[in-house]
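Worksheet for the structure shown next.
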Amino acid sequence: MTTPNSVPAGLNPAQREAVLYLDGPSLVLAGAGSGKTRVITQKMAYLLRDCGYMARNIVALTFTNKAAREMDERVKTLVDPKMAKGLIISTFHSLGVRLLREEARNAGLKPQFSILDADDAMAIIQEMLATTDKGRLRAVQSAISLWKNGLVDPDEAERTAATAGEAEAARVYRSYNATLAAYQSVDFDDLIRIPAQLLASNDTVRERWQNRVRYLLVDEYQDTNVCQYQLVRLLTGPRAMFTAVGDDDQAIYAWRGATIENLAKLTTDYPQLKVIKLEQNYRSVQRILAAANSVIERNPKLFEKKLWSDLGVGEPIVISPMNDEETEAQSIAMKISASRFERQASWKDFAILYRGNHQARIIEQALRDLKIPYTIAGGQSFFDKAEVRDVLSYLRLIANDADDPAFIRAATTPRRGIGQATLQALGTYAAEREVSLFEAVFEQGLETRLQPRQIEPLRVFTEFIQRMQWRAGRGVEGRPPPKAEPAGPLLDDLLGAIDYERFLYDTMEERPAQSRWHNVLELVGWLKRKAEEDGHTLFELVQHVALITMLERQHDEEEPDAVKMSTLHASKGLEYPHVYLAGVEEGLLPHMGKDDEEGDPARAAESLAARIEEERRLMYVGITRAQRSLNLSWCKKRRRAREDVVREPSRFIEEMGLGTAPQGADPASHLSPKERLGMLKALLNKRG
Ligand code: ATP
Ligand code: MG
């Protein structure tokens with residue numbers, strides 16, 4: 001049936017073996033840049049082209065939507081795009097949504113269930129805890145998340161709670177779940193937990209999906225959690241036809257419940273597991289690879305990995321001490337500008353990576369000052385902006401009128417005579433009647449609680465939503481669902497009807513109003529494009545939007561020529577010719593800040609040593625993103641809560657083993673930002 005010869009060139013013998021192996025489950029365990037992701041795309045092409053697999057029977061799971069998109073494009077260059085149509089290449093979360101949508105009734109949900117984002121979830125928890133203590137709120141939220149990811153239900157959480165704080169969190173967990181159910185909503189963790197539990201408990205559903213998923217491929221396997229592991233296990237069933245690829249040295253999501261033990265578990269759960277190792281790195285020059293190896297060597301290892309590269313020695317790695325973060329940002333911007341010119345490179349060949357989102361703002365400013373185009377991954381989301389959330393709340397409500405958080409937001413933005421007192425009375429009434437806010441508006445009993453003048457605007461609002469629901473293709477009791485109108489005109493009518501533009505100009509200065517309206521138009525344009533490209537209905541669009549998670553807060557589909565700014569976490573799996581790693585300081589990388597972990601039982605319990613090891617893996621991920629050149633910087637002082645704090649270079653710099661001689665000492669490091677700017681201008685002028 002298959003001949004190895006038909007596998008295209010561009011694979012080394014170990015990679016070929018991994019692609020051709022179909023006798024059972026396999027695991028490719030190998031270091032950064034060794035072609036693990038390439039194995040996955042090539043294997044999909046091989047299954048389609050040479051092994052008679054149907055596209056719809058192949059599922060590939062990646063960590064981010066961006067990675068999924070890239071993989072999809074890759075496969076389409078390897079096989080006839082027609083042949084690839086129907087492949088499921090998605091994140092675990094998107095697969096979860098797909099499964100939940102198809103199996104909604106079996107999971108006790110309506111097909112138009114809402115997906116709550118972290119902010120909505122936080123608001124629910126805050127209400128239950130009746131506290132504004134951010135640390136405590138975050139701690140409870142992350143405890144709930146870890147329980148969900150570990151498939152621990154509220155009963156077990158309560159039973160095993162060791163402290164009063166944990167017991168409280170477990171109680172909140174129970175009522176939080178009940179609230180979500182009442183809202184016909186799920187949170188991000190549920191997108192994996194509920195499918196895993198459904199597959200485990202429902203034989204029919206499990207058989208249906210096992211029949212469908214004939215071959216499963218999983219990228220970045222080291223960052224799966226217990227829930228995801230179960231999902232893989234249940235989807236593949238006894239046939240166990242899957243390939244997982246991963247690198248234990250790049251496990252950076254322990255704090256979200258990922259467990260490297262999933263790697264070990266594979267070998268015990270599948271005794272027939274074929275393990276393949278790759279040793280050649282095709283990404284980085286030797287200097288970069290040597291530095292990466294030297295850092296990661298300090299961590300205890302599961303197995304010996306010797307990565308080598310034949311891409312040449314490469315340029316020296318540059319380490320730049322900076323006075324403060326402003327100087328650092330300006331220096332990076334100037335160096336990129338100069339380097340792009342010298343190398344005749346494109347903006348998109350450069351990436352600036354950092355440990356925390358809070359580092360982004362100053363860097364952005366510096367790039368803007370020099371008119372350098374940039375895009376941010378893992379930063380503040382377009383989808384987090386107030387105006388975008390406003391518009392989306394309408395769409396969510398149209399899709400699922402049990403979504404109370406969306407109801408409250410939409411009903412009060414723009415203001416339409418529905419006040420806090422009205423909402424509160426409505427909320428109390430709805431809770432007593434055990435119905436959604438939306439349903440409560442239609443009940444006669446409400447008239448005993450609210451004045452007619454209070455009820456009137458509520459009814460006008462809900463009737464408006466109902467009309468939109470009808471047009472979007474949702475049947476109303478007794479009447480069959482009409483044909484759905486296309487999403488585009490619906491969106492336009494919606495915006496017109498709520499007069500959102502006027503609302504903006506009425507409530508704020510012209511400049512911010514303009515920029516917000518611009519964002520709304522961008523959102524609507526994007527939604528329309530999506531609706532056209534993928535044929536999504538309004539309902540599907542809403543769920544799609546919810547999936548653009550914390551990991552990739554970018555909605556740009558096409559890759560513009562721009563410098564890429566990204567957190568280290570969000571840079572996983574990607575590669576850039578030239579990498580600038582900012583803030584390589586003790587306390588930042590390794591990160592030791594207590595402000596985001598205080599009171600967080602999960603993190604507090606983690607031993608310091610384990611934390612440093614995870615930070616070291618993060619450093620390893622950062623270094624190994626670079627193909628040709630690597631620049632590191634650290635600041636002698638950094639502002640924290642309006643105070644300058646003295647900083648030391650990260651221990652990881654020394655661990656790179658560059659020696660004491662300044663490797664590629666930055667020739668201009670003695671210059672002030674002003675002098676550097678002058679130098680740069682001179683350089684640019686020389687050009688023309
Ligand atoms: P990471 O651990 O960072 O996810 P990876 O193991 O998934 O890395 P890939 O991204 O698949 O590595 O590959 C790294 C780079 O090397 C890519 O640009 C890829 O196209 C290239 N590459 C991989 N294998 C080969 C090969 N056999 N010949 C030429 N180039 C290759
Ligand atoms: Mg990869």
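Identifiers in the structure tokens: chain A, B, ... in order shown; residue index from 1 per chain; ligand index from 1 in order shown.
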Within 12 Å of ligand 2 (only C-alpha atoms and all ligand atoms), residues as a PDB file with C-alpha atoms, in the first residue's frame:
ATOM      1  CA  VAL A  28       8.642  11.608  19.069  1.00  0.00           C
ATOM      2  CA  LEU A  29      10.685  12.980  21.906  1.00  0.00           C
ATOM      3  CA  ALA A  30      13.243  15.547  20.839  1.00  0.00           C
ATOM      4  CA  GLY A  31      14.760  18.938  21.491  1.00  0.00           C
ATOM      5  CA  ALA A  32      13.866  22.309  20.044  1.00  0.00           C
ATOM      6  CA  GLY A  33      14.049  22.851  16.304  1.00  0.00           C
ATOM      7  CA  SER A  34      14.590  19.187  15.506  1.00  0.00           C
ATOM      8  CA  GLY A  35      11.602  19.012  13.189  1.00  0.00           C
ATOM      9  CA  LYS A  36       8.909  17.580  15.446  1.00  0.00           C
ATOM     10  CA  THR A  37       6.237  19.820  14.026  1.00  0.00           C
ATOM     11  CA  ARG A  38       7.510  19.022  10.555  1.00  0.00           C
ATOM     12  CA  VAL A  39       7.006  15.335  11.288  1.00  0.00           C
ATOM     13  CA  ILE A  40       3.369  16.040  12.105  1.00  0.00           C
ATOM     14  CA  THR A  41       2.616  17.935   8.905  1.00  0.00           C
ATOM     15  CA  LEU A  61      -3.979  19.056  17.872  1.00  0.00           C
ATOM     16  CA  THR A  62      -1.780  22.083  18.393  1.00  0.00           C
ATOM     17  CA  PHE A  63      -1.309  24.562  21.166  1.00  0.00           C
ATOM     18  CA  THR A  64      -2.476  27.763  19.518  1.00  0.00           C
ATOM     19  CA  ALA A  67       0.072  27.062  15.036  1.00  0.00           C
ATOM     20  CA  ALA A  68      -3.017  25.309  13.693  1.00  0.00           C
ATOM     21  CA  GLU A  70       0.350  27.406   9.945  1.00  0.00           C
ATOM     22  CA  MET A  71       0.072  23.647   9.969  1.00  0.00           C
ATOM     23  CA  VAL A 218      -0.553  15.918  18.985  1.00  0.00           C
ATOM     24  CA  ASP A 219       2.067  18.671  18.933  1.00  0.00           C
ATOM     25  CA  GLU A 220       3.688  20.113  22.100  1.00  0.00           C
ATOM     26  CA  TYR A 221       2.631  17.037  23.991  1.00  0.00           C
ATOM     27  CA  GLN A 222       4.744  17.968  27.047  1.00  0.00           C
ATOM     28  CA  ALA A 244       2.522  12.585  19.931  1.00  0.00           C
ATOM     29  CA  VAL A 245       5.544  14.862  19.651  1.00  0.00           C
ATOM     30  CA  GLY A 246       7.092  16.820  22.457  1.00  0.00           C
ATOM     31  CA  ASP A 247      10.118  17.980  24.367  1.00  0.00           C
ATOM     32  CA  GLN A 250      10.084  22.834  26.857  1.00  0.00           C
ATOM     33  CA  ASN A 281      18.523  20.831  14.897  1.00  0.00           C
ATOM     34  CA  TYR A 282      17.611  22.599  11.671  1.00  0.00           C
ATOM     35  CA  ARG A 283      16.788  25.962  13.155  1.00  0.00           C
ATOM     36  CA  SER A 571       6.486  32.096  21.386  1.00  0.00           C
ATOM     37  CA  LYS A 572       6.470  28.339  21.796  1.00  0.00           C
ATOM     38  CA  GLY A 573       6.919  26.391  18.583  1.00  0.00           C
ATOM     39  CA  LEU A 574       7.791  29.502  16.558  1.00  0.00           C
ATOM     40  CA  GLU A 575      11.087  30.644  15.058  1.00  0.00           C
ATOM     41  CA  VAL A 621      12.413  28.037  24.806  1.00  0.00           C
ATOM     42  CA  THR A 624      15.882  28.260  20.808  1.00  0.00           C
ATOM     43  CA  ARG A 625      13.431  30.524  18.977  1.00  0.00           C
TER      44      ARG A 625
END
task: Would you list the contacts of range 150-154 of chain A as a list in words, taking every protein, DNA or RNA residue within 8 Å and counting only C-alpha atoms, but skipping same-chain residues closer than 6 positions in sequence?
output: Ala170, Arg171, Tyr173, Arg174, Arg193, Asn225, Val226, Cys227 and Gly257 of chain A
Can I get the selected residues back with N, CA and C atoms, as a JSON list (two decimals), in the first residue's frame?
[["chain", "number", "residue", "atom", "x", "y", "z"],
["A", 170, "ALA", "N", -13.39, 25.28, 47.36],
["A", 170, "ALA", "CA", -14.14, 24.11, 46.88],
["A", 170, "ALA", "C", -15.64, 24.39, 46.87],
["A", 171, "ARG", "N", -16.11, 25.12, 47.89],
["A", 171, "ARG", "CA", -17.54, 25.47, 47.92],
["A", 171, "ARG", "C", -17.89, 26.41, 46.77],
["A", 173, "TYR", "N", -16.35, 26.55, 44.00],
["A", 173, "TYR", "CA", -16.26, 25.69, 42.80],
["A", 173, "TYR", "C", -17.63, 25.08, 42.50],
["A", 174, "ARG", "N", -18.29, 24.56, 43.55],
["A", 174, "ARG", "CA", -19.58, 23.92, 43.35],
["A", 174, "ARG", "C", -20.62, 24.94, 42.84],
["A", 193, "ARG", "N", -12.69, 19.50, 29.71],
["A", 193, "ARG", "CA", -13.18, 18.62, 30.78],
["A", 193, "ARG", "C", -14.50, 17.94, 30.39],
["A", 225, "ASN", "N", -2.38, 18.56, 29.96],
["A", 225, "ASN", "CA", -2.74, 18.28, 31.35],
["A", 225, "ASN", "C", -3.51, 16.96, 31.43],
["A", 226, "VAL", "N", -3.90, 16.60, 32.64],
["A", 226, "VAL", "CA", -4.57, 15.31, 32.84],
["A", 226, "VAL", "C", -5.81, 15.17, 31.95],
["A", 227, "CYS", "N", -6.57, 16.26, 31.89],
["A", 227, "CYS", "CA", -7.79, 16.27, 31.09],
["A", 227, "CYS", "C", -7.49, 16.01, 29.61],
["A", 257, "GLY", "N", -1.42, 23.40, 35.21],
["A", 257, "GLY", "CA", -1.88, 22.04, 35.43],
["A", 257, "GLY", "C", -1.32, 21.03, 34.44]]
message: Can you tell me, as an MDAnalysis selection string, which residues in range 354-528 of chain A count as strand (DSSP E) by DSSP?
response: chainID A and resid 354 374:377
Suppose we keep C-alpha atoms; can you now write the selection as a compact mmCIF listing (two decimals), in the first residue's frame?
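Written out: result36.txt:
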# COMPACT_ATOMS: atom_id res chain seq x y z
CA TYR A 354 9.91 38.94 27.24
CA TYR A 374 4.98 45.65 15.19
CA THR A 375 2.40 43.11 16.23
CA ILE A 376 1.90 41.73 19.70
CA ALA A 377 1.09 38.16 20.57
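Near range 76-85 of chain A, within 8 Å and counting only C-alpha atoms, sit Gln42, Ala45, Leu48, Arg49, Ala55 and Arg56 of chain A; same-chain residues fewer than 6 positions away were not included.
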- prompt: Near Pro111 in chain A, within 12 Å and counting only C-alpha atoms, which residues show up once chain neighbours fewer than 5 positions away are dropped, as a ChimeraX atom specification?
  reply: /A:97-106,184-186,399-400,474,539-540,543
Hey, can you spit out that residue selection with N, CA and C atoms as a PDB file, in the first residue's frame?
ATOM      1  N   VAL A  97     -14.869  22.485  21.523  1.00  0.00           N
ATOM      2  CA  VAL A  97     -16.075  23.212  21.117  1.00  0.00           C
ATOM      3  C   VAL A  97     -16.827  22.430  20.043  1.00  0.00           C
ATOM      4  N   ARG A  98     -16.082  21.914  19.093  1.00  0.00           N
ATOM      5  CA  ARG A  98     -16.693  21.158  18.007  1.00  0.00           C
ATOM      6  C   ARG A  98     -17.453  19.952  18.560  1.00  0.00           C
ATOM      7  N   LEU A  99     -16.789  19.241  19.459  1.00  0.00           N
ATOM      8  CA  LEU A  99     -17.424  18.062  20.046  1.00  0.00           C
ATOM      9  C   LEU A  99     -18.655  18.464  20.861  1.00  0.00           C
ATOM     10  N   LEU A 100     -18.504  19.520  21.660  1.00  0.00           N
ATOM     11  CA  LEU A 100     -19.628  19.947  22.495  1.00  0.00           C
ATOM     12  C   LEU A 100     -20.801  20.426  21.654  1.00  0.00           C
ATOM     13  N   ARG A 101     -20.486  21.092  20.550  1.00  0.00           N
ATOM     14  CA  ARG A 101     -21.558  21.592  19.710  1.00  0.00           C
ATOM     15  C   ARG A 101     -22.346  20.418  19.130  1.00  0.00           C
ATOM     16  N   GLU A 102     -21.613  19.414  18.674  1.00  0.00           N
ATOM     17  CA  GLU A 102     -22.302  18.265  18.080  1.00  0.00           C
ATOM     18  C   GLU A 102     -22.998  17.394  19.114  1.00  0.00           C
ATOM     19  N   GLU A 103     -22.433  17.356  20.287  1.00  0.00           N
ATOM     20  CA  GLU A 103     -22.980  16.469  21.312  1.00  0.00           C
ATOM     21  C   GLU A 103     -23.659  17.256  22.424  1.00  0.00           C
ATOM     22  N   ALA A 104     -24.055  18.494  22.133  1.00  0.00           N
ATOM     23  CA  ALA A 104     -24.551  19.366  23.193  1.00  0.00           C
ATOM     24  C   ALA A 104     -25.620  18.692  24.053  1.00  0.00           C
ATOM     25  N   ARG A 105     -26.619  18.100  23.386  1.00  0.00           N
ATOM     26  CA  ARG A 105     -27.721  17.510  24.157  1.00  0.00           C
ATOM     27  C   ARG A 105     -27.212  16.433  25.092  1.00  0.00           C
ATOM     28  N   ASN A 106     -26.285  15.633  24.604  1.00  0.00           N
ATOM     29  CA  ASN A 106     -25.747  14.571  25.457  1.00  0.00           C
ATOM     30  C   ASN A 106     -24.986  15.131  26.651  1.00  0.00           C
ATOM     31  N   GLN A 184     -26.228  28.383  30.848  1.00  0.00           N
ATOM     32  CA  GLN A 184     -25.947  27.617  29.627  1.00  0.00           C
ATOM     33  C   GLN A 184     -24.566  27.996  29.098  1.00  0.00           C
ATOM     34  N   SER A 185     -23.609  28.042  30.008  1.00  0.00           N
ATOM     35  CA  SER A 185     -22.270  28.500  29.647  1.00  0.00           C
ATOM     36  C   SER A 185     -21.228  27.500  30.101  1.00  0.00           C
ATOM     37  N   VAL A 186     -20.087  27.578  29.462  1.00  0.00           N
ATOM     38  CA  VAL A 186     -18.935  26.800  29.906  1.00  0.00           C
ATOM     39  C   VAL A 186     -17.746  27.746  29.967  1.00  0.00           C
ATOM     40  N   ALA A 399     -27.134  34.649  20.552  1.00  0.00           N
ATOM     41  CA  ALA A 399     -26.882  33.218  20.408  1.00  0.00           C
ATOM     42  C   ALA A 399     -27.450  32.436  21.584  1.00  0.00           C
ATOM     43  N   ASN A 400     -27.321  32.970  22.781  1.00  0.00           N
ATOM     44  CA  ASN A 400     -27.729  32.232  23.976  1.00  0.00           C
ATOM     45  C   ASN A 400     -28.310  33.208  24.990  1.00  0.00           C
ATOM     46  N   ARG A 474     -32.973  31.437  14.582  1.00  0.00           N
ATOM     47  CA  ARG A 474     -33.364  30.675  15.743  1.00  0.00           C
ATOM     48  C   ARG A 474     -34.877  30.619  15.846  1.00  0.00           C
ATOM     49  N   PHE A 539     -24.266  32.405  15.094  1.00  0.00           N
ATOM     50  CA  PHE A 539     -24.078  31.601  16.302  1.00  0.00           C
ATOM     51  C   PHE A 539     -22.685  30.983  16.363  1.00  0.00           C
ATOM     52  N   GLU A 540     -22.262  30.431  15.236  1.00  0.00           N
ATOM     53  CA  GLU A 540     -20.941  29.792  15.206  1.00  0.00           C
ATOM     54  C   GLU A 540     -19.837  30.823  15.371  1.00  0.00           C
ATOM     55  N   GLN A 543     -19.108  31.651  18.995  1.00  0.00           N
ATOM     56  CA  GLN A 543     -18.285  30.664  19.697  1.00  0.00           C
ATOM     57  C   GLN A 543     -16.850  30.705  19.203  1.00  0.00           C
TER      58      GLN A 543
END
- prompt: Tell me, which residues of range 229-335 of chain A carry DSSP helix (DSSP H, G or I), written as a VMD selection string?
  reply: chain A and resid 229 to 239 248 to 250 254 to 256 261 to 269 286 to 296 325 to 335
query: Which one of A:Val275, A:Val285, A:Leu198, A:Ile144 sits closest to ligand 1 if you count only C-alpha atoms and all ligand atoms?
result: A:Val285
Test item: residues at most 10 Å from Glu463 in chain A, only C-alpha atoms, excluding those fewer than 5 positions along its chain, as an MDAnalysis selection string: chainID A and resid 438 441:442 457:458 468:469
Please write the residues from the selection above to a file, keeping N, CA, C and O atoms, as a short mmCIF file (atom, residue, chain, number, x, y, z; two decimals), in the first residue's frame.
data_model
loop_
_atom_site.label_atom_id
_atom_site.label_comp_id
_atom_site.auth_asym_id
_atom_site.auth_seq_id
_atom_site.Cartn_x
_atom_site.Cartn_y
_atom_site.Cartn_z
N PHE A 438 -33.22 36.98 31.00
CA PHE A 438 -33.98 37.17 29.76
C PHE A 438 -35.40 36.61 29.89
O PHE A 438 -36.38 37.28 29.60
N VAL A 441 -37.92 38.50 32.20
CA VAL A 441 -38.58 39.70 31.69
C VAL A 441 -39.97 39.38 31.15
O VAL A 441 -40.88 40.19 31.23
N PHE A 442 -40.13 38.17 30.64
CA PHE A 442 -41.42 37.81 30.03
C PHE A 442 -42.43 37.28 31.03
O PHE A 442 -43.56 36.99 30.68
N PRO A 457 -38.72 49.35 29.41
CA PRO A 457 -37.45 49.28 28.64
C PRO A 457 -36.87 47.87 28.60
O PRO A 457 -36.21 47.50 27.63
N LEU A 458 -37.11 47.07 29.63
CA LEU A 458 -36.63 45.69 29.60
C LEU A 458 -37.31 44.90 28.48
O LEU A 458 -36.67 44.15 27.74
N MET A 468 -33.72 39.76 16.57
CA MET A 468 -32.41 39.42 16.00
C MET A 468 -32.20 37.90 16.00
O MET A 468 -31.65 37.34 15.07
N GLN A 469 -32.64 37.27 17.06
CA GLN A 469 -32.50 35.81 17.14
C GLN A 469 -33.23 35.14 15.98
O GLN A 469 -32.73 34.22 15.35
#
task: For Leu397 in chain A, please output as an NGL selection string all residues within 10 Å (counting only C-alpha atoms; exclusion window: fewer than 2 positions along the same chain).
output: :A and (112 or 114 or 392-395 or 399-411 or 438 or 462 or 465-466 or 468-469 or 539 or 542)
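With only C-alpha atoms and all ligand atoms as the atoms that count, the residue of A:Leu618, A:Ile194, A:Ala164, A:Leu494 with the shortest distance to ligand 1 is A:Leu618.
The residue that comes closest to Val205 in chain A, out of A:His358, A:Leu234, A:His544, A:Ile288 and on the basis of only C-alpha atoms, is A:Leu234.
Nearest residue to ligand 1, choosing from A:Gly417, A:Gly24, A:Pro13, A:Gly525 and counting only C-alpha atoms and all ligand atoms: A:Pro13.
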- request: Using only C-alpha atoms and all ligand atoms, find the one residue out of A:Ala60, A:Ile319, A:Ala9, A:Ala338 that sits nearest to ligand 1.
  value: A:Ala9
- prompt: Between CA of Phe242 in chain A and CA of Gly96 in chain A, what is the spacing in Å?
  reply: 17.9 Å
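In this structure, CA of Gly427 in chain A sits 27.2 Å away from CA of Leu191 in chain A.
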